[in-house]
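Dropping data_11.pdb in here (PDB, C-alpha atoms):
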ATOM      1  CA  MET A 995     -27.335 131.625 -57.674  1.00  0.00           C
ATOM      2  CA  ASP A 996     -29.617 130.467 -55.000  1.00  0.00           C
ATOM      3  CA  SER A 997     -29.090 131.140 -51.328  1.00  0.00           C
ATOM      4  CA  LYS A 998     -28.232 127.507 -50.493  1.00  0.00           C
ATOM      5  CA  LYS A 999     -25.274 127.583 -52.875  1.00  0.00           C
ATOM      6  CA  LYS A1000     -24.108 130.931 -51.500  1.00  0.00           C
ATOM      7  CA  THR A1001     -24.331 129.630 -47.961  1.00  0.00           C
ATOM      8  CA  LEU A1002     -22.437 126.467 -48.924  1.00  0.00           C
ATOM      9  CA  ILE A1003     -19.690 128.494 -50.596  1.00  0.00           C
ATOM     10  CA  ILE A1004     -19.407 130.792 -47.564  1.00  0.00           C
ATOM     11  CA  VAL A1005     -19.277 127.821 -45.187  1.00  0.00           C
ATOM     12  CA  LEU A1006     -16.633 126.094 -47.332  1.00  0.00           C
ATOM     13  CA  ALA A1007     -14.601 129.317 -47.515  1.00  0.00           C
ATOM     14  CA  VAL A1008     -14.786 129.770 -43.734  1.00  0.00           C
ATOM     15  CA  VAL A1009     -13.809 126.110 -43.209  1.00  0.00           C
ATOM     16  CA  ALA A1010     -10.921 126.496 -45.664  1.00  0.00           C
ATOM     17  CA  VAL A1011      -9.733 129.661 -43.915  1.00  0.00           C
ATOM     18  CA  LEU A1012      -9.989 127.927 -40.521  1.00  0.00           C
ATOM     19  CA  ILE A1013      -8.044 124.928 -41.832  1.00  0.00           C
ATOM     20  CA  ILE A1014      -5.345 127.207 -43.187  1.00  0.00           C
ATOM     21  CA  VAL A1015      -5.203 129.183 -39.929  1.00  0.00           C
ATOM     22  CA  PHE A1016      -5.010 126.014 -37.821  1.00  0.00           C
ATOM     23  CA  TYR A1017      -2.428 124.481 -40.140  1.00  0.00           C
ATOM     24  CA  ARG A1018      -0.289 127.603 -40.038  1.00  0.00           C
ATOM     25  CA  PHE A1019      -0.627 127.775 -36.250  1.00  0.00           C
ATOM     26  CA  PHE A1020       0.287 124.122 -35.728  1.00  0.00           C
ATOM     27  CA  ALA A1021       2.949 123.858 -38.415  1.00  0.00           C
ATOM     28  CA  GLY A1022       4.447 127.264 -37.694  1.00  0.00           C
ATOM     29  CA  ASN A1023       4.619 126.747 -33.940  1.00  0.00           C
ATOM     30  CA  TYR A1024       5.774 123.154 -34.217  1.00  0.00           C
ATOM     31  CA  ASN A1025       8.576 124.160 -36.580  1.00  0.00           C
ATOM     32  CA  LYS A1026       9.465 127.053 -34.279  1.00  0.00           C
ATOM     33  CA  PHE A1027       9.658 124.636 -31.320  1.00  0.00           C
ATOM     34  CA  VAL A1028      11.881 122.284 -33.303  1.00  0.00           C
ATOM     35  CA  GLY A1029      14.176 125.146 -34.326  1.00  0.00           C
ATOM     36  CA  LEU A1030      14.439 126.464 -30.767  1.00  0.00           C
ATOM     37  CA  ASP A1031      14.997 122.964 -29.400  1.00  0.00           C
ATOM     38  CA  GLN A1032      17.836 122.501 -31.883  1.00  0.00           C
ATOM     39  CA  ALA A1033      19.277 125.883 -30.884  1.00  0.00           C
ATOM     40  CA  VAL A1034      19.307 124.743 -27.247  1.00  0.00           C
ATOM     41  CA  LYS A1035      20.990 121.467 -28.203  1.00  0.00           C
ATOM     42  CA  SER A1036      23.531 123.286 -30.358  1.00  0.00           C
ATOM     43  CA  SER A1037      24.294 125.742 -27.569  1.00  0.00           C
ATOM     44  CA  TRP A1038      24.784 122.899 -25.122  1.00  0.00           C
ATOM     45  CA  ALA A1039      27.113 121.174 -27.587  1.00  0.00           C
ATOM     46  CA  GLN A1040      29.236 124.336 -27.596  1.00  0.00           C
ATOM     47  CA  VAL A1041      29.347 124.327 -23.792  1.00  0.00           C
ATOM     48  CA  GLU A1042      30.478 120.701 -23.877  1.00  0.00           C
ATOM     49  CA  ASN A1043      32.994 121.567 -26.580  1.00  0.00           C
ATOM     50  CA  GLN A1044      34.572 124.213 -24.338  1.00  0.00           C
ATOM     51  CA  LEU A1045      34.461 121.930 -21.304  1.00  0.00           C
ATOM     52  CA  GLN A1046      36.249 119.271 -23.345  1.00  0.00           C
ATOM     53  CA  ARG A1047      38.770 121.894 -24.465  1.00  0.00           C
ATOM     54  CA  ARG A1048      39.474 122.694 -20.836  1.00  0.00           C
ATOM     55  CA  PHE A1049      39.650 118.997 -19.993  1.00  0.00           C
ATOM     56  CA  ASP A1050      42.187 118.397 -22.786  1.00  0.00           C
ATOM     57  CA  LEU A1051      44.111 121.671 -22.574  1.00  0.00           C
ATOM     58  CA  ILE A1052      44.687 122.341 -18.905  1.00  0.00           C
ATOM     59  CA  PRO A1053      46.420 119.091 -17.917  1.00  0.00           C
ATOM     60  CA  ASN A1054      48.677 119.352 -20.970  1.00  0.00           C
ATOM     61  CA  LEU A1055      49.571 122.936 -20.168  1.00  0.00           C
ATOM     62  CA  VAL A1056      50.215 122.111 -16.529  1.00  0.00           C
ATOM     63  CA  GLU A1057      52.479 119.216 -17.483  1.00  0.00           C
ATOM     64  CA  THR A1058      54.302 121.356 -20.046  1.00  0.00           C
ATOM     65  CA  VAL A1059      54.914 124.100 -17.525  1.00  0.00           C
ATOM     66  CA  LYS A1060      55.910 121.568 -14.895  1.00  0.00           C
ATOM     67  CA  GLY A1061      58.357 120.062 -17.372  1.00  0.00           C
ATOM     68  CA  TYR A1062      59.927 123.389 -18.204  1.00  0.00           C
ATOM     69  CA  ALA A1063      59.993 124.520 -14.609  1.00  0.00           C
ATOM     70  CA  LYS A1064      61.441 121.177 -13.541  1.00  0.00           C
ATOM     71  CA  GLN A1065      64.138 121.416 -16.171  1.00  0.00           C
ATOM     72  CA  GLU A1066      65.083 124.906 -15.058  1.00  0.00           C
ATOM     73  CA  LYS A1067      64.704 123.980 -11.415  1.00  0.00           C
ATOM     74  CA  ASP A1068      66.934 120.926 -11.712  1.00  0.00           C
ATOM     75  CA  VAL A1069      69.661 122.853 -13.497  1.00  0.00           C
ATOM     76  CA  MET A1070      69.396 125.803 -11.125  1.00  0.00           C
ATOM     77  CA  VAL A1071      69.496 123.466  -8.119  1.00  0.00           C
ATOM     78  CA  GLU A1072      72.555 121.789  -9.616  1.00  0.00           C
ATOM     79  CA  VAL A1073      74.230 125.168 -10.125  1.00  0.00           C
ATOM     80  CA  THR A1074      73.317 126.337  -6.622  1.00  0.00           C
ATOM     81  CA  ASN A1075      74.524 123.102  -5.001  1.00  0.00           C
ATOM     82  CA  ALA A1076      77.759 123.111  -6.997  1.00  0.00           C
ATOM     83  CA  ARG A1077      78.395 126.728  -6.061  1.00  0.00           C
ATOM     84  CA  ALA A1078      77.800 125.910  -2.396  1.00  0.00           C
ATOM     85  CA  LYS A1079      80.296 123.035  -2.678  1.00  0.00           C
ATOM     86  CA  VAL A1080      82.875 125.407  -4.185  1.00  0.00           C
ATOM     87  CA  GLY A1081      82.361 127.793  -1.279  1.00  0.00           C
ATOM     88  CA  GLY A1082      82.692 124.972   1.252  1.00  0.00           C
ATOM     89  CA  ALA A1083      85.653 123.194  -0.302  1.00  0.00           C
ATOM     90  CA  THR A1084      88.802 123.444   1.829  1.00  0.00           C
ATOM     91  CA  THR A1085      91.292 121.178   0.119  1.00  0.00           C
ATOM     92  CA  VAL A1086      92.614 121.487  -3.420  1.00  0.00           C
ATOM     93  CA  PRO A1087      91.127 118.200  -4.588  1.00  0.00           C
ATOM     94  CA  ASP A1088      87.752 119.192  -3.089  1.00  0.00           C
ATOM     95  CA  LYS A1089      87.961 122.617  -4.770  1.00  0.00           C
ATOM     96  CA  ILE A1090      88.806 121.010  -8.144  1.00  0.00           C
ATOM     97  CA  ALA A1091      85.991 118.527  -7.827  1.00  0.00           C
ATOM     98  CA  ALA A1092      83.534 121.242  -6.748  1.00  0.00           C
ATOM     99  CA  ASN A1093      84.573 123.557  -9.585  1.00  0.00           C
ATOM    100  CA  ASN A1094      84.328 120.730 -12.120  1.00  0.00           C
ATOM    101  CA  GLU A1095      80.854 120.024 -10.803  1.00  0.00           C
ATOM    102  CA  LEU A1096      79.984 123.727 -11.070  1.00  0.00           C
ATOM    103  CA  SER A1097      81.363 123.861 -14.635  1.00  0.00           C
ATOM    104  CA  GLY A1098      79.281 120.838 -15.587  1.00  0.00           C
ATOM    105  CA  ALA A1099      76.168 122.378 -14.055  1.00  0.00           C
ATOM    106  CA  LEU A1100      76.814 125.691 -15.805  1.00  0.00           C
ATOM    107  CA  SER A1101      77.359 123.978 -19.151  1.00  0.00           C
ATOM    108  CA  ARG A1102      74.041 122.119 -18.716  1.00  0.00           C
ATOM    109  CA  LEU A1103      72.389 125.446 -17.936  1.00  0.00           C
ATOM    110  CA  LEU A1104      73.930 126.962 -21.077  1.00  0.00           C
ATOM    111  CA  LEU A1105      72.709 123.999 -23.121  1.00  0.00           C
ATOM    112  CA  VAL A1106      69.214 124.516 -21.793  1.00  0.00           C
ATOM    113  CA  VAL A1107      69.375 128.214 -22.591  1.00  0.00           C
ATOM    114  CA  GLU A1108      70.798 127.509 -26.086  1.00  0.00           C
ATOM    115  CA  LYS A1109      68.166 124.904 -26.782  1.00  0.00           C
ATOM    116  CA  TYR A1110      65.346 127.056 -25.379  1.00  0.00           C
ATOM    117  CA  PRO A1111      66.592 130.666 -25.469  1.00  0.00           C
ATOM    118  CA  ASP A1112      63.325 132.113 -24.238  1.00  0.00           C
ATOM    119  CA  LEU A1113      62.721 129.464 -21.622  1.00  0.00           C
ATOM    120  CA  LYS A1114      61.635 131.238 -18.483  1.00  0.00           C
ATOM    121  CA  SER A1115      59.315 129.730 -15.945  1.00  0.00           C
ATOM    122  CA  ASN A1116      57.517 132.990 -15.262  1.00  0.00           C
ATOM    123  CA  GLN A1117      56.546 133.286 -18.927  1.00  0.00           C
ATOM    124  CA  ASN A1118      55.275 129.724 -18.946  1.00  0.00           C
ATOM    125  CA  PHE A1119      53.270 130.307 -15.817  1.00  0.00           C
ATOM    126  CA  MET A1120      51.891 133.530 -17.276  1.00  0.00           C
ATOM    127  CA  HIS A1121      50.956 131.628 -20.420  1.00  0.00           C
ATOM    128  CA  LEU A1122      49.229 128.968 -18.324  1.00  0.00           C
ATOM    129  CA  GLN A1123      47.380 131.652 -16.404  1.00  0.00           C
ATOM    130  CA  ASP A1124      46.284 133.315 -19.665  1.00  0.00           C
ATOM    131  CA  GLU A1125      45.140 129.986 -21.094  1.00  0.00           C
ATOM    132  CA  LEU A1126      43.211 129.173 -17.930  1.00  0.00           C
ATOM    133  CA  ALA A1127      41.521 132.587 -17.979  1.00  0.00           C
ATOM    134  CA  GLY A1128      40.774 132.333 -21.698  1.00  0.00           C
ATOM    135  CA  THR A1129      39.312 128.859 -21.354  1.00  0.00           C
ATOM    136  CA  GLU A1130      37.163 129.870 -18.407  1.00  0.00           C
ATOM    137  CA  ASN A1131      35.949 132.936 -20.347  1.00  0.00           C
ATOM    138  CA  ARG A1132      35.039 130.763 -23.335  1.00  0.00           C
ATOM    139  CA  ILE A1133      33.104 128.439 -21.066  1.00  0.00           C
ATOM    140  CA  ALA A1134      31.309 131.390 -19.453  1.00  0.00           C
ATOM    141  CA  VAL A1135      30.348 132.800 -22.875  1.00  0.00           C
ATOM    142  CA  GLU A1136      29.021 129.455 -24.094  1.00  0.00           C
ATOM    143  CA  ARG A1137      27.113 128.940 -20.837  1.00  0.00           C
ATOM    144  CA  MET A1138      25.544 132.374 -21.287  1.00  0.00           C
ATOM    145  CA  ARG A1139      24.579 131.580 -24.895  1.00  0.00           C
ATOM    146  CA  TYR A1140      23.120 128.261 -23.813  1.00  0.00           C
ATOM    147  CA  ASN A1141      21.067 129.884 -21.042  1.00  0.00           C
ATOM    148  CA  GLU A1142      19.829 132.519 -23.493  1.00  0.00           C
ATOM    149  CA  ALA A1143      18.713 129.786 -25.932  1.00  0.00           C
ATOM    150  CA  VAL A1144      16.958 127.952 -23.081  1.00  0.00           C
ATOM    151  CA  LYS A1145      15.236 131.175 -21.996  1.00  0.00           C
ATOM    152  CA  ILE A1146      13.867 131.838 -25.494  1.00  0.00           C
ATOM    153  CA  TYR A1147      12.799 128.218 -25.898  1.00  0.00           C
ATOM    154  CA  ASN A1148      11.093 128.108 -22.490  1.00  0.00           C
ATOM    155  CA  GLN A1149       9.308 131.423 -23.081  1.00  0.00           C
ATOM    156  CA  THR A1150       8.038 130.166 -26.404  1.00  0.00           C
ATOM    157  CA  ILE A1151       6.721 126.812 -25.199  1.00  0.00           C
ATOM    158  CA  LYS A1152       5.127 128.377 -22.098  1.00  0.00           C
ATOM    159  CA  SER A1153       3.329 131.196 -23.957  1.00  0.00           C
ATOM    160  CA  PHE A1154      -0.361 130.814 -24.621  1.00  0.00           C
ATOM    161  CA  PRO A1155      -1.654 129.320 -26.913  1.00  0.00           C
ATOM    162  CA  ALA A1156       1.636 127.751 -28.031  1.00  0.00           C
ATOM    163  CA  ASN A1157       1.905 125.979 -24.667  1.00  0.00           C
ATOM    164  CA  LEU A1158      -1.067 123.795 -25.625  1.00  0.00           C
ATOM    165  CA  LEU A1159       0.657 122.658 -28.777  1.00  0.00           C
ATOM    166  CA  ALA A1160       4.025 122.222 -27.004  1.00  0.00           C
ATOM    167  CA  GLY A1161       2.387 119.929 -24.462  1.00  0.00           C
ATOM    168  CA  MET A1162       0.660 117.917 -27.215  1.00  0.00           C
ATOM    169  CA  PHE A1163       3.940 117.273 -29.006  1.00  0.00           C
ATOM    170  CA  GLY A1164       6.000 116.602 -25.883  1.00  0.00           C
ATOM    171  CA  PHE A1165       8.212 119.682 -25.871  1.00  0.00           C
ATOM    172  CA  LYS A1166       9.493 119.956 -22.322  1.00  0.00           C
ATOM    173  CA  GLU A1167      11.030 122.896 -20.514  1.00  0.00           C
ATOM    174  CA  GLY A1168      14.792 123.297 -20.997  1.00  0.00           C
ATOM    175  CA  THR A1169      17.182 123.299 -18.048  1.00  0.00           C
ATOM    176  CA  PHE A1170      19.330 126.300 -17.307  1.00  0.00           C
ATOM    177  CA  PHE A1171      23.030 125.871 -16.631  1.00  0.00           C
ATOM    178  CA  GLU A1172      23.442 126.804 -13.016  1.00  0.00           C
ATOM    179  CA  ALA A1173      26.733 127.163 -11.221  1.00  0.00           C
ATOM    180  CA  PRO A1174      27.460 124.395  -8.709  1.00  0.00           C
ATOM    181  CA  LYS A1175      27.243 125.161  -4.994  1.00  0.00           C
ATOM    182  CA  GLY A1176      31.021 125.503  -4.582  1.00  0.00           C
ATOM    183  CA  ALA A1177      31.439 127.793  -7.598  1.00  0.00           C
ATOM    184  CA  LYS A1178      31.908 130.888  -5.447  1.00  0.00           C
ATOM    185  CA  GLU A1179      35.258 129.539  -4.294  1.00  0.00           C
ATOM    186  CA  ALA A1180      38.208 130.234  -6.559  1.00  0.00           C
ATOM    187  CA  PRO A1181      39.678 127.106  -8.191  1.00  0.00           C
ATOM    188  CA  LYS A1182      43.099 126.093  -6.906  1.00  0.00           C
ATOM    189  CA  VAL A1183      45.852 125.213  -9.340  1.00  0.00           C
ATOM    190  CA  GLN A1184      48.835 123.517  -7.770  1.00  0.00           C
ATOM    191  CA  PHE A1185      52.202 122.756  -9.279  1.00  0.00           C
TER     192      PHE A1185
END
So that I can check it, write out the structure of this file as C-alpha coordinates.
Amino acid sequence: MDSKKKTLIIVLAVVAVLIIVFYRFFAGNYNKFVGLDQAVKSSWAQVENQLQRRFDLIPNLVETVKGYAKQEKDVMVEVTNARAKVGGATTVPDKIAANNELSGALSRLLLVVEKYPDLKSNQNFMHLQDELAGTENRIAVERMRYNEAVKIYNQTIKSFPANLLAGMFGFKEGTFFEAPKGAKEAPKVQF
(Lines of atoms letter the chains of each structure in order from A and count residues from 1; the text may use other names and numbers.)
(Lines give C-alpha, C1' and ligand atoms only; values in the text may rest on other atoms or scores of the structure.)
Protein backbone atom coordinates (compact mmCIF):
# COMPACT_ATOMS: atom_id res chain seq x y z
CA MET A 1 0.00 0.00 0.00
CA ASP A 2 1.32 3.35 -0.87
CA SER A 3 1.48 6.25 1.53
CA LYS A 4 -1.28 8.22 -0.23
CA LYS A 5 -3.77 5.41 0.36
CA LYS A 6 -2.70 5.08 3.99
CA THR A 7 -3.09 8.80 4.52
CA LEU A 8 -6.51 8.75 2.85
CA ILE A 9 -7.66 5.86 5.04
CA ILE A 10 -6.39 7.61 8.18
CA VAL A 11 -8.10 10.87 7.19
CA LEU A 12 -11.36 9.04 6.42
CA ALA A 13 -11.15 7.17 9.74
CA VAL A 14 -10.54 10.42 11.65
CA VAL A 15 -13.43 12.10 9.79
CA ALA A 16 -15.68 9.12 10.53
CA VAL A 17 -14.72 9.18 14.22
CA LEU A 18 -15.33 12.95 14.35
CA ILE A 19 -18.72 12.52 12.67
CA ILE A 20 -19.67 9.83 15.15
CA VAL A 21 -18.46 11.93 18.09
CA PHE A 22 -20.35 15.01 16.87
CA TYR A 23 -23.46 12.97 16.14
CA ARG A 24 -23.38 11.37 19.57
CA PHE A 25 -22.80 14.76 21.19
CA PHE A 26 -25.64 16.45 19.31
CA ALA A 27 -28.10 13.57 19.36
CA GLY A 28 -27.30 12.55 22.92
CA ASN A 29 -27.54 16.07 24.32
CA TYR A 30 -30.58 16.97 22.25
CA ASN A 31 -32.40 13.85 23.43
CA LYS A 32 -31.32 14.58 27.00
CA PHE A 33 -32.72 18.13 26.69
CA VAL A 34 -36.00 16.78 25.33
CA GLY A 35 -36.26 14.25 28.16
CA LEU A 36 -35.52 16.85 30.83
CA ASP A 37 -37.93 19.32 29.23
CA GLN A 38 -40.64 16.65 29.33
CA ALA A 39 -39.79 15.91 32.97
CA VAL A 40 -40.28 19.60 33.79
CA LYS A 41 -43.60 19.65 31.93
CA SER A 42 -44.73 16.46 33.64
CA SER A 43 -43.77 17.82 37.05
CA TRP A 44 -45.69 21.01 36.37
CA ALA A 45 -48.72 18.97 35.30
CA GLN A 46 -48.61 17.26 38.70
CA VAL A 47 -48.50 20.64 40.45
CA GLU A 48 -51.53 21.73 38.43
CA ASN A 49 -53.21 18.42 39.20
CA GLN A 50 -52.84 19.04 42.94
CA LEU A 51 -53.92 22.67 42.60
CA GLN A 52 -57.02 21.49 40.76
CA ARG A 53 -57.61 18.91 43.49
CA ARG A 54 -57.52 21.68 46.06
CA PHE A 55 -59.77 23.84 43.89
CA ASP A 56 -62.32 21.02 43.58
CA LEU A 57 -61.97 19.51 47.06
CA ILE A 58 -61.86 22.40 49.48
CA PRO A 59 -65.10 24.17 48.53
CA ASN A 60 -66.95 20.84 48.58
CA LEU A 61 -65.55 19.96 51.98
CA VAL A 62 -66.36 23.39 53.35
CA GLU A 63 -69.93 23.17 52.08
CA THR A 64 -70.30 19.64 53.45
CA VAL A 65 -69.08 20.69 56.87
CA LYS A 66 -71.22 23.81 56.77
CA GLY A 67 -74.21 21.64 55.91
CA TYR A 68 -73.60 19.25 58.76
CA ALA A 69 -72.80 22.01 61.21
CA LYS A 70 -75.87 23.95 60.07
CA GLN A 71 -78.06 20.91 60.53
CA GLU A 72 -76.74 20.34 64.03
CA LYS A 73 -76.78 24.04 64.78
CA ASP A 74 -80.38 24.47 63.67
CA VAL A 75 -81.57 21.52 65.73
CA MET A 76 -79.52 22.55 68.75
CA VAL A 77 -80.79 26.13 68.47
CA GLU A 78 -84.33 24.77 68.26
CA VAL A 79 -83.76 22.63 71.35
CA THR A 80 -82.15 25.51 73.25
CA ASN A 81 -84.93 27.95 72.31
CA ALA A 82 -87.66 25.45 73.17
CA ARG A 83 -86.02 24.73 76.52
CA ALA A 84 -85.82 28.46 77.24
CA LYS A 85 -89.53 28.78 76.41
CA VAL A 86 -90.33 25.94 78.83
CA GLY A 87 -88.37 27.72 81.55
CA GLY A 88 -90.15 31.01 80.84
CA ALA A 89 -93.67 29.66 80.47
CA THR A 90 -95.97 30.77 83.30
CA THR A 91 -99.40 29.58 82.26
CA VAL A 92 -100.48 26.00 81.62
CA PRO A 93 -101.24 26.57 77.95
CA ASP A 94 -97.84 28.27 77.50
CA LYS A 95 -96.11 25.38 79.32
CA ILE A 96 -97.91 22.81 77.12
CA ALA A 97 -97.05 24.68 73.97
CA ALA A 98 -93.42 25.13 75.06
CA ASN A 99 -93.07 21.46 76.02
CA ASN A 100 -94.65 20.35 72.74
CA GLU A 101 -92.16 22.57 70.94
CA LEU A 102 -89.32 21.08 73.00
CA SER A 103 -90.55 17.53 72.26
CA GLY A 104 -90.66 18.32 68.55
CA ALA A 105 -87.16 19.78 68.65
CA LEU A 106 -85.85 16.78 70.59
CA SER A 107 -87.47 14.33 68.17
CA ARG A 108 -85.83 16.18 65.24
CA LEU A 109 -82.51 15.94 67.08
CA LEU A 110 -83.05 12.20 67.59
CA LEU A 111 -83.89 11.80 63.91
CA VAL A 112 -80.68 13.56 62.98
CA VAL A 113 -78.70 11.37 65.36
CA GLU A 114 -80.45 8.20 64.07
CA LYS A 115 -79.87 9.18 60.48
CA TYR A 116 -76.25 10.21 61.12
CA PRO A 117 -75.17 8.45 64.33
CA ASP A 118 -71.61 9.71 64.15
CA LEU A 119 -72.52 13.21 63.09
CA LYS A 120 -70.44 15.57 65.17
CA SER A 121 -69.30 18.94 63.97
CA ASN A 122 -65.91 18.67 65.63
CA GLN A 123 -65.14 15.49 63.69
CA ASN A 124 -66.18 17.15 60.45
CA PHE A 125 -64.05 20.16 61.18
CA MET A 126 -61.13 17.90 62.09
CA HIS A 127 -61.64 16.04 58.83
CA LEU A 128 -61.67 19.33 56.92
CA GLN A 129 -58.51 20.41 58.70
CA ASP A 130 -56.83 17.08 57.85
CA GLU A 131 -57.91 17.36 54.21
CA LEU A 132 -56.64 20.93 54.00
CA ALA A 133 -53.29 19.93 55.51
CA GLY A 134 -53.03 16.86 53.27
CA THR A 135 -53.84 18.85 50.15
CA GLU A 136 -51.35 21.56 51.02
CA ASN A 137 -48.69 18.90 51.69
CA ARG A 138 -49.36 17.28 48.32
CA ILE A 139 -49.02 20.64 46.63
CA ALA A 140 -45.77 21.33 48.48
CA VAL A 141 -44.35 17.93 47.45
CA GLU A 142 -45.28 18.44 43.80
CA ARG A 143 -43.85 21.97 43.85
CA MET A 144 -40.61 20.58 45.26
CA ARG A 145 -40.47 17.87 42.57
CA TYR A 146 -41.16 20.46 39.89
CA ASN A 147 -38.40 22.75 41.17
CA GLU A 148 -36.00 19.81 41.30
CA ALA A 149 -36.80 18.94 37.66
CA VAL A 150 -36.29 22.59 36.67
CA LYS A 151 -32.96 22.68 38.53
CA ILE A 152 -31.65 19.60 36.70
CA TYR A 153 -32.91 20.89 33.36
CA ASN A 154 -31.41 24.35 33.88
CA GLN A 155 -28.06 22.92 35.02
CA THR A 156 -27.94 20.72 31.96
CA ILE A 157 -28.75 23.40 29.39
CA LYS A 158 -26.38 25.91 31.03
CA SER A 159 -23.38 23.55 31.24
CA PHE A 160 -20.64 23.92 28.68
CA PRO A 161 -20.58 22.74 25.90
CA ALA A 162 -24.22 21.62 26.05
CA ASN A 163 -25.29 25.26 26.43
CA LEU A 164 -24.19 25.91 22.84
CA LEU A 165 -26.42 23.16 21.55
CA ALA A 166 -29.32 24.17 23.85
CA GLY A 167 -29.18 27.70 22.46
CA MET A 168 -29.09 26.40 18.86
CA PHE A 169 -32.23 24.33 19.37
CA GLY A 170 -34.13 26.93 21.40
CA PHE A 171 -34.14 25.25 24.80
CA LYS A 172 -34.83 28.03 27.26
CA GLU A 173 -34.27 28.16 31.00
CA GLY A 174 -37.13 26.75 33.10
CA THR A 175 -38.91 28.85 35.70
CA PHE A 176 -38.87 27.87 39.34
CA PHE A 177 -42.09 27.83 41.33
CA GLU A 178 -41.70 30.61 43.83
CA ALA A 179 -44.07 31.35 46.66
CA PRO A 180 -46.13 34.51 46.19
CA LYS A 181 -45.31 37.58 48.27
CA GLY A 182 -48.16 36.98 50.74
CA ALA A 183 -47.33 33.30 51.26
CA LYS A 184 -45.80 33.91 54.68
CA GLU A 185 -49.25 34.73 56.04
CA ALA A 186 -51.36 31.78 57.12
CA PRO A 187 -54.46 31.22 54.95
CA LYS A 188 -57.76 32.01 56.64
CA VAL A 189 -60.63 29.57 56.42
CA GLN A 190 -63.96 30.98 57.51
CA PHE A 191 -67.22 29.18 58.11
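If you look at CA of Ala1091 in chain A and CA of Lys1079 in chain A, they are 8.9 Å away from each other.
Between CA of Arg1048 in chain A and CA of Phe1170 in chain A there is a distance of 20.8 Å.
We find CA of Ser1037 in chain A and CA of Tyr1140 in chain A to be spaced 4.7 Å apart.
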